[in-house]
Each structure stands twice: as structure tokens, then as C-alpha cells.
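S.K.: Here's a structure for you.
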Amino acid sequence: MSMDSTRLLRNSHPLTFPLRLSPPITKTRHYLPATNSRKLLFMLKTTRNDAVPFDDAAYEAEHLTLDAKALQTMAEEASNVTEDPKAWKWVIRKKIWDMMEAHNIAQNPRPVHHRIPNFVGAAAAADKLGRLEAFRVGNCVEVNPDSPQKQVRFLTLSDGKKLLTPQPRLRTGFFSVLESQMLTASTMKEVCTSVGVAKYGRPIGLDEKIKVDLIVIGSVAVDPSTGARLGKGEGFAELEYGMLRYMGAIDYSTPVVTTVHDSQLVDDIPIEKLLVHDVPVDIICTPTQVTFTNTSIPKPQGIYWDKLSPEKLGQIKILRELKRRIERETGQKLPSGPSEKLPPTAQRGPPNLVGGKRK
């Protein structure tokens, strides 16, 4: 078996191969220039004469419609957790969502149930993140696409860094890259939205040569004493982390940071019940404080195929591409996880829309 094949197996079967842990960061890591990669679905070029005009309103309308369907299905799943071994997670999530709405801590989009909740003071939490040494010395920052991290995305670009952000629910592909050189002062804030990412971002593929210096993820609840984190329950942060590990874009030492409201800090996440693919956080930024968790929870080493349901795999093209690649390179069939009911997250290509209608 070739070295490349061995690498592929190591990343696709994380439990089988021991991982050499990287030492803590002691020096600035430098960004490796990106090379051309195969585009997964499309490359939207607004400067070409034959480019289709980007219909912002139509894109956002479709985005909201699909999210509404996903939120409805997630709510149904959360209300029927009697037999679900992950039911305890939904109990904590609901407590946080209810509390944020009841005390008017929540911000739009509301209600915050079944979302990474936006909150009062999100910009202040982002500003604290912006003063972290790990952020200041980083050249490339991966930030989740949710509303409370909008200011983090803005700070990343306004500071001249490269912003890597996943397509919402990985519907349209994988990650998009944005750089301040690609933007004007008038478009800087627009690109921090999901519409702006689709409009101005450059989609990348699995072969992109990129080094991420800091990961920012959203949370519903997080334990500052252990670094244990709960997201909204769809598992996309874990998949994104696993694929970045596969690409070599991150390693065990890459810091993971979250921004939350102080009321989202909890002490009742049982770390013994966390799953192998759950991503812990190293640093928590709230509007009032910064906490270094010194977490001892192991970070995922890749994609755990035996935990990935056929339904989830069927929804995400990039995962199917990755699985085919690994199976082809290694000559071995990867395992599959148990079936599950998923929200309807229809695949979307570039919004080839005029007047709200698809051409």
C-alpha cells in the first residue's frame, strides 16, 4: 500500500490509527499559498460578461424556505427523544433556547430554537475574540456561517486575513474562501452574510492547499470547565472539522474558539456521554470574559464513517466524493452508520434566478 493510501486510511478510520499529537502552538504558522483546485459545483464570477446576474432576494428566499423546513423537522426530532441515546443533549439545548427567549437575550433570527442562537452582545464577544493572540497572529480563520458570528467574519476580513466559511449545511458544496483584496468597502459587510458568501466567495475543493490557523464555531451551550460543547444538533460542525483534518488544513493543535452569551455557559454536559466526533473548544469568548478551557477532551481525528448515516451521506455531495476517493485509493469499502431521519436540505447550485424564477 502506498503512503498516500495509508494517509487516506488513517484519516478515514480515525479509531484504527494512533495519532501523533502536535505540541502546543509556540510560534506563528504561516499561510501556504492556495493552488488551483477542481471546483465541486460552480465558480461564480461576477466579472465575466456571460455571468448570470446574482439575484440576492431569490437566493435569500430559497435559503429561508429550506431553513424553515429543516427547523421544523429538527423540532419534531427533539419532541420525540424517548428512545434517543442523545436525548440529554436536547434537554440542555431546550433549556438554553427557552431561557434566551424568556429573558430577551435572543436576537434575530427568532425564535432561536433549533439554531445557533444569536444573542445580545454578540459583537462584544467577537471583539474579545479579535484581541486573542491566536486570532492576531493567524493568517486564515475558519468561521461558521451563523448569525452570532457575523462580526467575527467581519473582523477577519477587515484585519486582512483570509476567511474560510462553510456553505450553510454544506448544501451547495464545501467551503468558500474570501479575502479582503476581493472586496470593496461597500461589499465588506455584505460578504459576512450567507448571501454575500454565495455571491463573492470562491468555492474550494478537497485538493485545496490551505492552512487554517484558527477555527471559530457556534454553540448552543458550552462548559467552561471542560470545553464540552453542544451545537444545534445537526452535526455539521463535526463534519466540517473532520474534512479539514483530512485535507491537512488543521491538526490537533489548531485552536477551536466559540463566542456565546454568558447565559450559555453550563456545567451539566456529561463528558462521558460525548461522542467520538464531538468537537470540544479551547477558548470561550462571551461579552464579559474570555475563558481558556485547557480541555482534555480528545478532538476528532477525521470523519467517522461508522457514525455517518446513509441519509446524511446522501445529502452532502462533498462527503460522497470523499468516500469514493478513499475507497478508490485504498481498495477498501468504508463502513456506514445507522439510518436516521434528517431535515430536508435540498441541494442548491448557483442561484440562476431572474425575478425569483429559475431560468
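Naming scheme: A, B, ... for chains in displayed order of the C-alpha cells; residues 1 onward per chain; ligands 1 onward as shown.
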Go through region 185-273 of chain A and collect every residue that DSSP, computed from the backbone, puts in alpha helix (DSSP H); the answer should be as a PyMOL selection string.
M.R.: chain A and resi 194-200+236-247
S.K.: For the selection you just gave me, I'd like the residues written to a file as a compact mmCIF listing (two decimals), in the first residue's frame, keeping all heavy atoms.
M.R.:
# COMPACT_ATOMS: atom_id res chain seq x y z
N SER A 194 -24.78 34.97 4.50
CA SER A 194 -24.80 33.77 3.66
C SER A 194 -24.97 34.15 2.19
O SER A 194 -24.39 33.51 1.30
CB SER A 194 -25.93 32.83 4.10
OG SER A 194 -27.19 33.47 4.01
N VAL A 195 -25.75 35.19 1.93
CA VAL A 195 -25.93 35.66 0.55
C VAL A 195 -24.61 36.18 0.01
O VAL A 195 -24.21 35.88 -1.13
CB VAL A 195 -27.01 36.76 0.47
CG1 VAL A 195 -27.06 37.36 -0.93
CG2 VAL A 195 -28.37 36.19 0.83
N GLY A 196 -23.89 36.96 0.82
CA GLY A 196 -22.63 37.52 0.38
C GLY A 196 -21.58 36.46 0.10
O GLY A 196 -20.79 36.58 -0.85
N VAL A 197 -21.55 35.42 0.93
CA VAL A 197 -20.60 34.32 0.71
C VAL A 197 -20.87 33.66 -0.63
O VAL A 197 -19.95 33.37 -1.41
CB VAL A 197 -20.68 33.29 1.85
CG1 VAL A 197 -19.88 32.03 1.49
CG2 VAL A 197 -20.15 33.89 3.15
N ALA A 198 -22.15 33.39 -0.91
CA ALA A 198 -22.51 32.76 -2.19
C ALA A 198 -22.20 33.68 -3.37
O ALA A 198 -21.82 33.22 -4.44
CB ALA A 198 -23.99 32.39 -2.19
N LYS A 199 -22.32 34.96 -3.14
CA LYS A 199 -22.16 35.93 -4.22
C LYS A 199 -20.70 36.21 -4.54
O LYS A 199 -20.31 36.33 -5.71
CB LYS A 199 -22.88 37.23 -3.83
CG LYS A 199 -22.97 38.29 -4.91
CD LYS A 199 -23.85 39.43 -4.43
CE LYS A 199 -24.00 40.53 -5.46
NZ LYS A 199 -24.86 41.63 -4.97
N TYR A 200 -19.86 36.30 -3.50
CA TYR A 200 -18.48 36.74 -3.70
C TYR A 200 -17.43 35.67 -3.37
O TYR A 200 -16.27 35.84 -3.72
CB TYR A 200 -18.19 37.98 -2.83
CG TYR A 200 -19.04 39.17 -3.18
CD1 TYR A 200 -20.12 39.56 -2.37
CD2 TYR A 200 -18.78 39.94 -4.32
CE1 TYR A 200 -20.89 40.66 -2.67
CE2 TYR A 200 -19.56 41.05 -4.62
CZ TYR A 200 -20.62 41.41 -3.80
OH TYR A 200 -21.39 42.49 -4.11
N PHE A 236 -23.04 19.36 11.65
CA PHE A 236 -22.24 19.88 10.54
C PHE A 236 -20.89 20.41 10.99
O PHE A 236 -19.90 20.30 10.26
CB PHE A 236 -23.02 20.95 9.78
CG PHE A 236 -24.10 20.37 8.92
CD1 PHE A 236 -25.42 20.41 9.30
CD2 PHE A 236 -23.79 19.74 7.72
CE1 PHE A 236 -26.42 19.86 8.52
CE2 PHE A 236 -24.78 19.17 6.93
CZ PHE A 236 -26.10 19.24 7.32
N ALA A 237 -20.82 20.99 12.18
CA ALA A 237 -19.52 21.47 12.67
C ALA A 237 -18.53 20.32 12.78
O ALA A 237 -17.33 20.47 12.47
CB ALA A 237 -19.69 22.16 14.02
N GLU A 238 -19.02 19.16 13.20
CA GLU A 238 -18.15 17.99 13.33
C GLU A 238 -17.70 17.48 11.96
O GLU A 238 -16.53 17.10 11.78
CB GLU A 238 -18.89 16.88 14.08
CG GLU A 238 -19.09 17.13 15.57
CD GLU A 238 -20.13 18.19 15.89
OE1 GLU A 238 -20.99 18.47 15.02
OE2 GLU A 238 -20.10 18.74 16.99
N LEU A 239 -18.60 17.49 10.99
CA LEU A 239 -18.24 17.05 9.64
C LEU A 239 -17.22 18.02 9.02
O LEU A 239 -16.26 17.59 8.36
CB LEU A 239 -19.48 16.97 8.76
CG LEU A 239 -20.46 15.83 9.10
CD1 LEU A 239 -21.72 15.96 8.25
CD2 LEU A 239 -19.81 14.47 8.90
N GLU A 240 -17.45 19.31 9.21
CA GLU A 240 -16.52 20.30 8.66
C GLU A 240 -15.14 20.15 9.28
O GLU A 240 -14.12 20.20 8.59
CB GLU A 240 -17.09 21.72 8.91
CG GLU A 240 -18.35 22.00 8.11
CD GLU A 240 -19.26 23.02 8.77
OE1 GLU A 240 -18.86 23.61 9.80
OE2 GLU A 240 -20.39 23.21 8.27
N TYR A 241 -15.11 19.93 10.59
CA TYR A 241 -13.84 19.73 11.28
C TYR A 241 -13.13 18.49 10.75
O TYR A 241 -11.92 18.51 10.46
CB TYR A 241 -14.08 19.60 12.79
CG TYR A 241 -12.81 19.51 13.60
CD1 TYR A 241 -12.23 20.65 14.15
CD2 TYR A 241 -12.18 18.28 13.82
CE1 TYR A 241 -11.06 20.58 14.90
CE2 TYR A 241 -11.01 18.20 14.56
CZ TYR A 241 -10.46 19.34 15.10
OH TYR A 241 -9.30 19.26 15.82
N GLY A 242 -13.88 17.41 10.60
CA GLY A 242 -13.29 16.16 10.12
C GLY A 242 -12.73 16.28 8.72
O GLY A 242 -11.66 15.73 8.42
N MET A 243 -13.43 17.01 7.84
CA MET A 243 -12.93 17.15 6.47
C MET A 243 -11.69 18.05 6.43
O MET A 243 -10.78 17.82 5.63
CB MET A 243 -14.05 17.69 5.57
CG MET A 243 -15.06 16.60 5.23
SD MET A 243 -16.28 17.10 3.98
CE MET A 243 -17.39 18.05 5.00
N LEU A 244 -11.65 19.07 7.27
CA LEU A 244 -10.44 19.90 7.33
C LEU A 244 -9.25 19.11 7.84
O LEU A 244 -8.12 19.30 7.40
CB LEU A 244 -10.69 21.13 8.21
CG LEU A 244 -11.62 22.20 7.63
CD1 LEU A 244 -11.89 23.29 8.66
CD2 LEU A 244 -11.06 22.80 6.35
N ARG A 245 -9.49 18.19 8.78
CA ARG A 245 -8.42 17.31 9.23
C ARG A 245 -7.93 16.44 8.08
O ARG A 245 -6.72 16.22 7.90
CB ARG A 245 -8.89 16.43 10.39
CG ARG A 245 -9.00 17.11 11.74
CD ARG A 245 -7.68 17.56 12.31
NE ARG A 245 -6.77 16.48 12.63
CZ ARG A 245 -6.64 15.92 13.83
NH1 ARG A 245 -7.40 16.34 14.84
NH2 ARG A 245 -5.76 14.96 14.04
N TYR A 246 -8.87 15.90 7.30
CA TYR A 246 -8.50 15.06 6.16
C TYR A 246 -7.62 15.84 5.18
O TYR A 246 -6.63 15.32 4.66
CB TYR A 246 -9.75 14.55 5.44
CG TYR A 246 -9.44 14.01 4.06
CD1 TYR A 246 -8.92 12.73 3.89
CD2 TYR A 246 -9.61 14.81 2.93
CE1 TYR A 246 -8.59 12.26 2.63
CE2 TYR A 246 -9.29 14.34 1.67
CZ TYR A 246 -8.78 13.06 1.53
OH TYR A 246 -8.44 12.61 0.28
N MET A 247 -7.98 17.09 4.92
CA MET A 247 -7.24 17.92 3.97
C MET A 247 -5.86 18.32 4.47
O MET A 247 -5.03 18.78 3.69
CB MET A 247 -8.04 19.19 3.65
CG MET A 247 -9.33 18.97 2.89
SD MET A 247 -10.32 20.49 2.81
CE MET A 247 -9.23 21.56 1.86
S.K.: Return as a Markdown table the residues of region 213-239 of chain A lying at most 6 Å from region 137-157 of chain A, together with the closest atom-to-atom pair for each and the distance in Å to one decimal, counting only C-alpha atoms, with rows in chain order and ascending residue number.
M.R.:
| residue | atom | partner | partner_atom | distance |
| --- | --- | --- | --- | --- |
| A:Asp213 | CA | A:Gly138 | CA | 5.2 |
| A:Leu214 | CA | A:Val141 | CA | 5.0 |
| A:Ile215 | CA | A:Glu142 | CA | 4.9 |
| A:Val216 | CA | A:Val143 | CA | 4.7 |
| A:Ile217 | CA | A:Asn144 | CA | 5.3 |
S.K.: Save out the residues we just selected, N, CA, C and O atoms, as a PDB file, in the first residue's frame.
M.R.:
ATOM      1  N   ASP A 213      -5.439  28.624  10.667  1.00  0.00           N
ATOM      2  CA  ASP A 213      -4.748  28.913  11.925  1.00  0.00           C
ATOM      3  C   ASP A 213      -5.675  28.960  13.131  1.00  0.00           C
ATOM      4  O   ASP A 213      -5.212  28.855  14.275  1.00  0.00           O
ATOM      5  N   LEU A 214      -6.970  29.146  12.886  1.00  0.00           N
ATOM      6  CA  LEU A 214      -7.925  29.264  13.991  1.00  0.00           C
ATOM      7  C   LEU A 214      -9.301  28.842  13.485  1.00  0.00           C
ATOM      8  O   LEU A 214      -9.684  29.184  12.366  1.00  0.00           O
ATOM      9  N   ILE A 215     -10.028  28.089  14.309  1.00  0.00           N
ATOM     10  CA  ILE A 215     -11.384  27.659  13.985  1.00  0.00           C
ATOM     11  C   ILE A 215     -12.349  28.334  14.941  1.00  0.00           C
ATOM     12  O   ILE A 215     -12.161  28.298  16.169  1.00  0.00           O
ATOM     13  N   VAL A 216     -13.391  28.961  14.405  1.00  0.00           N
ATOM     14  CA  VAL A 216     -14.442  29.573  15.215  1.00  0.00           C
ATOM     15  C   VAL A 216     -15.743  28.841  14.915  1.00  0.00           C
ATOM     16  O   VAL A 216     -16.153  28.742  13.754  1.00  0.00           O
ATOM     17  N   ILE A 217     -16.375  28.299  15.944  1.00  0.00           N
ATOM     18  CA  ILE A 217     -17.629  27.585  15.765  1.00  0.00           C
ATOM     19  C   ILE A 217     -18.695  28.166  16.685  1.00  0.00           C
ATOM     20  O   ILE A 217     -18.387  28.716  17.745  1.00  0.00           O
TER      21      ILE A 217
END
S.K.: Can you pull out every residue within 10 Å of Lys299 (chain A), counting only C-alpha atoms, but drop anything in the same chain fewer than 5 positions away, and send it as a list of chain:residue names?
M.R.: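 In the requested format, the answer is A:Glu238, A:Tyr241, A:Gly242, A:Asp251, A:Tyr252, A:Ser253, A:Val256, A:Val276, A:His277, A:Asp278, A:Val279, A:Pro280, A:Val281.
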S.K.: Do you know which residues are at most 10 Å from Leu183 (chain A) counting only C-alpha atoms, after dropping those on the same chain fewer than 5 positions away, and could you put them as JSON, numbers by chain?
M.R.: {"A": [157, 178, 188, 189, 190, 191, 200, 201]}
S.K.: From the list A:Asp282, A:Asp98, A:Asp127, A:Glu321, which residue is nearest Gln264 (chain A) when using only C-alpha atoms?
M.R.: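 Distance minimum relative to Gln264 (chain A) lands on A:Asp98.
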S.K.: Work out how far CA of Ala123 (chain A) is from CA of Asp268 (chain A), in Å to one decimal.
M.R.: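 That distance, rounded to one decimal, is 26.6 Å.
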S.K.: Identify, on the basis of only C-alpha atoms, every residue whose closest approach to Met100 (chain A) does not exceed 8 Å; exclude the query and any residue fewer than 5 positions from it along the same chain; express the result as a PyMOL selection string.
M.R.: chain A and resi 105-106+119+263
S.K.: Would you mind telling me which residue in A:Gly173, A:Ala126, A:Asp159, A:Met99 lies nearest to Lys317 (chain A) when using only C-alpha atoms?
M.R.: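 Of A:Gly173, A:Ala126, A:Asp159, A:Met99, the one nearest Lys317 (chain A), counting only C-alpha atoms, is A:Gly173.
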S.K.: Could you tell me which of A:Leu265, A:Met182, A:Ile210, A:Ile283 comes closest to Ile250 (chain A) if we count only C-alpha atoms?
M.R.: A:Ile210
S.K.: So the first atom is CA of Gly218 (chain A) and the second is CA of Val120 (chain A); what is the distance between them in Å, to one decimal place?
M.R.: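 Atom-to-atom, CA of Gly218 (chain A) and CA of Val120 (chain A) are spaced 14.6 Å apart.
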S.K.: Using only C-alpha atoms, can you tell me which of A:Lys128, A:Gly235, A:Ala185, A:Thr254 comes closest to Ile303 (chain A)?
M.R.: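 Closest to Ile303 (chain A) of all the choices is A:Gly235.
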S.K.: Apply DSSP to the structure's backbone, then extract all residues of region 115-264 of chain A labelled strand (DSSP E) and return them as a ChimeraX atom specification.
M.R.: /A:140-143,162-166,175-178,202-203,214-217,221-222,229-230,256-259
